[in-house]
Amino acid sequence: MKALLFTGGDNPDLKKAASFFRGCGFIAAADSGLSTVKSLGLSPDLIVGDMDSIPSAALLDEYRDSEIIRLDRAKDFSDTESALRLLKERDFREIILVGGGGGRLDHLFAIERLFQTEAFPSVWLAGENATVYVSAGRGRLFEARGLETGDTVSVFPVGKGPHAIEGNNLHWRLDIPWDEGAFSLSNWAESDTVSLTGMKGAFICVLPLKESLSVGFLS
């Protein structure tokens, strides 16, 4: 099942992000992500957070208690992480995280770290970029379509090694010493389609967000 999770911070261009929203049958909001949901004319199925960032507590009045999970403000984890874990517990295998760009730097780092936990989103849409969790296992093939030649494609290892990944239609090869701190920054597409095959470990891939972009696993 596929879910959308809106969080606070800067949102992507929602017109460019629209292709990622298709097929999502469940909408969740983490704290001030509720404002984005309402601005889109959508109704959330689940609201999670300590509610310290929503513009007004009155925003919650139109929702049933069963749709709201209130968290204690004294906690050492984010509302976004809590919402992701709850969605995973409800067997949502594909979670599109929307927002979370800009704002507090520690919150930005916190979302990046989620890719190293069991609460990782499948795709993170923030600002002008789509950040995609690429691989966790040998031979997993990921493909991105709708790019333009020269588009920036950056690849980073996450979590424990060893790491190995193969790329097609990228300018620079990906046989680099990942486990010595290497990453592929500002690589670029040499075709409208780029594919990555994970061999060992997990990676994230940062792509430009555009209306034509579609991503997915082929195996």
# chains A, B, ... in the order shown; residues from 1 in each chain; ligands from 1
>>> residues_around(residues="Thr149 (chain A)", least_positions_apart="2", cutoff="12 Å", atoms="only C-alpha atoms", output="PyMOL selection string")
chain A and resi 145-147+151-153+169-171+187-194+208
>>> write_last_selection(atoms="C-alpha atoms", output="PDB file, in the first residue's frame")
ATOM      1  CA  ARG A 145      12.723   8.186 -16.196  1.00  0.00           C
ATOM      2  CA  GLY A 146      11.923  11.631 -17.528  1.00  0.00           C
ATOM      3  CA  LEU A 147      15.316  13.214 -16.923  1.00  0.00           C
ATOM      4  CA  ASP A 151      20.496  16.651 -15.017  1.00  0.00           C
ATOM      5  CA  THR A 152      22.282  16.273 -11.697  1.00  0.00           C
ATOM      6  CA  VAL A 153      22.127  12.848 -10.069  1.00  0.00           C
ATOM      7  CA  ASN A 169      23.691   6.310 -18.168  1.00  0.00           C
ATOM      8  CA  LEU A 170      25.618   8.299 -15.577  1.00  0.00           C
ATOM      9  CA  HIS A 171      28.701  10.307 -16.535  1.00  0.00           C
ATOM     10  CA  ASN A 187      27.088  13.247 -11.198  1.00  0.00           C
ATOM     11  CA  TRP A 188      24.877  13.758 -14.227  1.00  0.00           C
ATOM     12  CA  ALA A 189      22.518  11.895 -16.521  1.00  0.00           C
ATOM     13  CA  GLU A 190      23.651  11.092 -20.051  1.00  0.00           C
ATOM     14  CA  SER A 191      20.166   9.975 -21.086  1.00  0.00           C
ATOM     15  CA  ASP A 192      16.533  10.550 -20.144  1.00  0.00           C
ATOM     16  CA  THR A 193      16.673   7.310 -18.147  1.00  0.00           C
ATOM     17  CA  VAL A 194      19.111   6.417 -15.379  1.00  0.00           C
ATOM     18  CA  PRO A 208      15.863  17.084  -9.726  1.00  0.00           C
TER      19      PRO A 208
END
>>> residues_around(residues="region 63-67 of chain A", least_positions_apart="2", cutoff="7 Å", atoms="only C-alpha atoms", output="number ranges by chain")
A: 45-47, 60-61, 69
>>> write_last_selection(atoms="C-alpha atoms", output="short mmCIF file (atom, residue, chain, number, x, y, z; two decimals), in the first residue's frame")
data_model
loop_
_atom_site.label_atom_id
_atom_site.label_comp_id
_atom_site.auth_asym_id
_atom_site.auth_seq_id
_atom_site.Cartn_x
_atom_site.Cartn_y
_atom_site.Cartn_z
CA ASP A 45 -6.71 10.05 7.42
CA LEU A 46 -4.18 10.45 10.24
CA ILE A 47 -2.63 13.42 12.10
CA LEU A 60 -7.96 19.98 14.75
CA ASP A 61 -11.58 20.59 15.70
CA ILE A 69 -2.43 10.82 17.65
#
>>> select_by_dssp(residues="region 18-207 of chain A", states="alpha helix (DSSP H)", output="ChimeraX atom specification")
/A:18-21,33-39,79-89,105-114
>>> residues_around(residues="Phe77 (chain A)", least_positions_apart="2", cutoff="12 Å", atoms="only C-alpha atoms", output="number ranges by chain")
A: 49-50, 71-75, 79-85, 106-107, 110-111, 113-114, 119
>>> select_by_dssp(residues="region 41-170 of chain A", states="strand (DSSP E)", output="PyMOL selection string")
chain A and resi 46-49+68-70+94-98+123-126+129-136+140-145+152-158+164-168
>>> write_last_selection(atoms="N, CA and C atoms", output="short mmCIF file (atom, residue, chain, number, x, y, z; two decimals), in the first residue's frame")
data_model
loop_
_atom_site.label_atom_id
_atom_site.label_comp_id
_atom_site.auth_asym_id
_atom_site.auth_seq_id
_atom_site.Cartn_x
_atom_site.Cartn_y
_atom_site.Cartn_z
N LEU A 46 -4.91 10.56 8.98
CA LEU A 46 -4.18 10.45 10.24
C LEU A 46 -3.38 11.73 10.47
N ILE A 47 -3.42 12.25 11.71
CA ILE A 47 -2.63 13.42 12.10
C ILE A 47 -1.81 13.01 13.31
N VAL A 48 -0.49 13.21 13.22
CA VAL A 48 0.42 12.78 14.28
C VAL A 48 1.29 13.96 14.70
N GLY A 49 1.45 14.17 16.01
CA GLY A 49 2.37 15.20 16.45
C GLY A 49 2.05 15.75 17.82
N ILE A 68 -6.50 11.40 15.22
CA ILE A 68 -5.42 12.23 15.77
C ILE A 68 -4.64 11.42 16.80
N ILE A 69 -3.32 11.41 16.65
CA ILE A 69 -2.43 10.82 17.65
C ILE A 69 -1.57 11.93 18.21
N ARG A 70 -1.82 12.29 19.46
CA ARG A 70 -1.11 13.39 20.10
C ARG A 70 0.12 12.85 20.83
N GLU A 94 5.18 1.68 0.79
CA GLU A 94 5.69 2.81 0.02
C GLU A 94 5.14 4.08 0.64
N ILE A 95 6.05 4.92 1.16
CA ILE A 95 5.65 6.15 1.83
C ILE A 95 6.35 7.32 1.17
N ILE A 96 5.57 8.27 0.67
CA ILE A 96 6.09 9.47 0.04
C ILE A 96 6.08 10.59 1.08
N LEU A 97 7.23 11.05 1.50
CA LEU A 97 7.35 12.13 2.48
C LEU A 97 7.42 13.46 1.73
N VAL A 98 6.52 14.37 2.05
CA VAL A 98 6.43 15.66 1.36
C VAL A 98 6.73 16.79 2.34
N VAL A 123 10.38 7.82 -0.79
CA VAL A 123 10.76 9.03 -1.52
C VAL A 123 10.57 10.22 -0.60
N TRP A 124 11.51 11.15 -0.65
CA TRP A 124 11.41 12.39 0.11
C TRP A 124 11.40 13.55 -0.87
N LEU A 125 10.30 14.29 -0.90
CA LEU A 125 10.15 15.43 -1.80
C LEU A 125 10.27 16.72 -0.99
N ALA A 126 11.36 17.46 -1.23
CA ALA A 126 11.58 18.71 -0.49
C ALA A 126 12.29 19.69 -1.42
N ASN A 129 14.17 19.03 -5.04
CA ASN A 129 14.75 17.70 -5.21
C ASN A 129 13.82 16.57 -4.79
N ALA A 130 14.03 15.43 -5.41
CA ALA A 130 13.42 14.18 -4.97
C ALA A 130 14.55 13.29 -4.47
N THR A 131 14.47 12.89 -3.22
CA THR A 131 15.47 12.00 -2.64
C THR A 131 14.84 10.62 -2.50
N VAL A 132 15.47 9.64 -3.12
CA VAL A 132 14.87 8.32 -3.22
C VAL A 132 15.74 7.28 -2.53
N TYR A 133 15.11 6.45 -1.70
CA TYR A 133 15.80 5.31 -1.10
C TYR A 133 15.97 4.26 -2.19
N VAL A 134 17.20 3.95 -2.52
CA VAL A 134 17.45 3.17 -3.73
C VAL A 134 17.50 1.68 -3.51
N SER A 135 18.27 1.21 -2.56
CA SER A 135 18.54 -0.22 -2.56
C SER A 135 18.84 -0.74 -1.17
N ALA A 136 18.35 -1.92 -0.90
CA ALA A 136 18.73 -2.63 0.32
C ALA A 136 18.79 -4.12 0.00
N ARG A 140 18.92 -5.32 -6.66
CA ARG A 140 17.70 -4.52 -6.72
C ARG A 140 17.89 -3.41 -7.75
N LEU A 141 17.04 -3.40 -8.78
CA LEU A 141 17.19 -2.45 -9.89
C LEU A 141 16.22 -1.29 -9.73
N PHE A 142 16.78 -0.09 -9.71
CA PHE A 142 16.00 1.14 -9.59
C PHE A 142 16.14 1.92 -10.89
N GLU A 143 15.04 2.54 -11.33
CA GLU A 143 15.09 3.29 -12.58
C GLU A 143 14.40 4.64 -12.41
N ALA A 144 15.02 5.67 -12.96
CA ALA A 144 14.43 7.01 -12.99
C ALA A 144 14.26 7.42 -14.44
N ARG A 145 13.02 7.76 -14.83
CA ARG A 145 12.72 8.19 -16.20
C ARG A 145 12.28 9.64 -16.21
N THR A 152 21.45 16.73 -12.80
CA THR A 152 22.28 16.27 -11.70
C THR A 152 21.67 15.05 -11.02
N VAL A 153 22.52 14.06 -10.78
CA VAL A 153 22.13 12.85 -10.07
C VAL A 153 23.22 12.57 -9.04
N SER A 154 22.89 12.68 -7.76
CA SER A 154 23.86 12.43 -6.70
C SER A 154 23.49 11.16 -5.94
N VAL A 155 24.49 10.39 -5.56
CA VAL A 155 24.26 9.10 -4.89
C VAL A 155 25.09 9.05 -3.62
N PHE A 156 24.45 8.65 -2.51
CA PHE A 156 25.11 8.58 -1.21
C PHE A 156 24.84 7.22 -0.57
N PRO A 157 25.85 6.61 0.07
CA PRO A 157 25.60 5.40 0.84
C PRO A 157 24.95 5.75 2.17
N VAL A 158 24.11 4.87 2.68
CA VAL A 158 23.53 5.08 4.00
C VAL A 158 23.64 3.79 4.81
N ALA A 164 28.03 -1.38 -2.40
CA ALA A 164 28.42 -1.48 -3.81
C ALA A 164 27.17 -1.24 -4.65
N ILE A 165 27.32 -0.47 -5.71
CA ILE A 165 26.18 -0.17 -6.58
C ILE A 165 26.70 0.07 -8.00
N GLU A 166 25.89 -0.28 -8.98
CA GLU A 166 26.24 -0.07 -10.38
C GLU A 166 25.26 0.92 -10.99
N GLY A 167 25.74 1.77 -11.90
CA GLY A 167 24.88 2.76 -12.53
C GLY A 167 24.96 2.70 -14.03
N ASN A 168 23.85 3.00 -14.68
CA ASN A 168 23.79 3.09 -16.14
C ASN A 168 23.37 4.49 -16.55
#
>>> residues_around(residues="Asp52 (chain A)", least_positions_apart="5", cutoff="9 Å", atoms="only C-alpha atoms", output="tab-separated table (two decimals) with N, CA and C atoms, in the first residue's frame")
chain	number	residue	atom	x	y	z
A	31	ASP	N	2.24	16.98	12.37
A	31	ASP	CA	2.15	18.31	12.96
A	31	ASP	C	1.77	19.36	11.92
A	32	SER	N	2.65	20.35	11.64
A	32	SER	CA	2.27	21.45	10.75
A	32	SER	C	2.11	21.03	9.30
A	57	ALA	N	-4.82	25.59	17.22
A	57	ALA	CA	-5.37	24.32	17.69
A	57	ALA	C	-6.75	24.07	17.10
A	73	ARG	N	5.28	16.67	24.07
A	73	ARG	CA	6.30	17.59	23.55
A	73	ARG	C	7.69	17.25	24.07
>>> atom_distance(atom1="CA of Ala28 (chain A)", atom2="CA of Leu86 (chain A)")
10.1 Å
>>> closest_residue(among="A:His163, A:Asn11, A:Trp178, A:Glu148", to="Gly102 (chain A)", atoms="only C-alpha atoms")
A:Asn11
>>> atom_distance(atom1="CA of Lys88 (chain A)", atom2="CA of Cys205 (chain A)")
21.3 Å
>>> residues_around(residues="Glu211 (chain A)", least_positions_apart="5", cutoff="9 Å", atoms="only C-alpha atoms", output="list in words")
Lys15, Lys16, Ala17, Ala18, Ser19 and Gly146 of chain A
>>> atom_distance(atom1="CA of Thr36 (chain A)", atom2="CA of Phe6 (chain A)")
7.1 Å
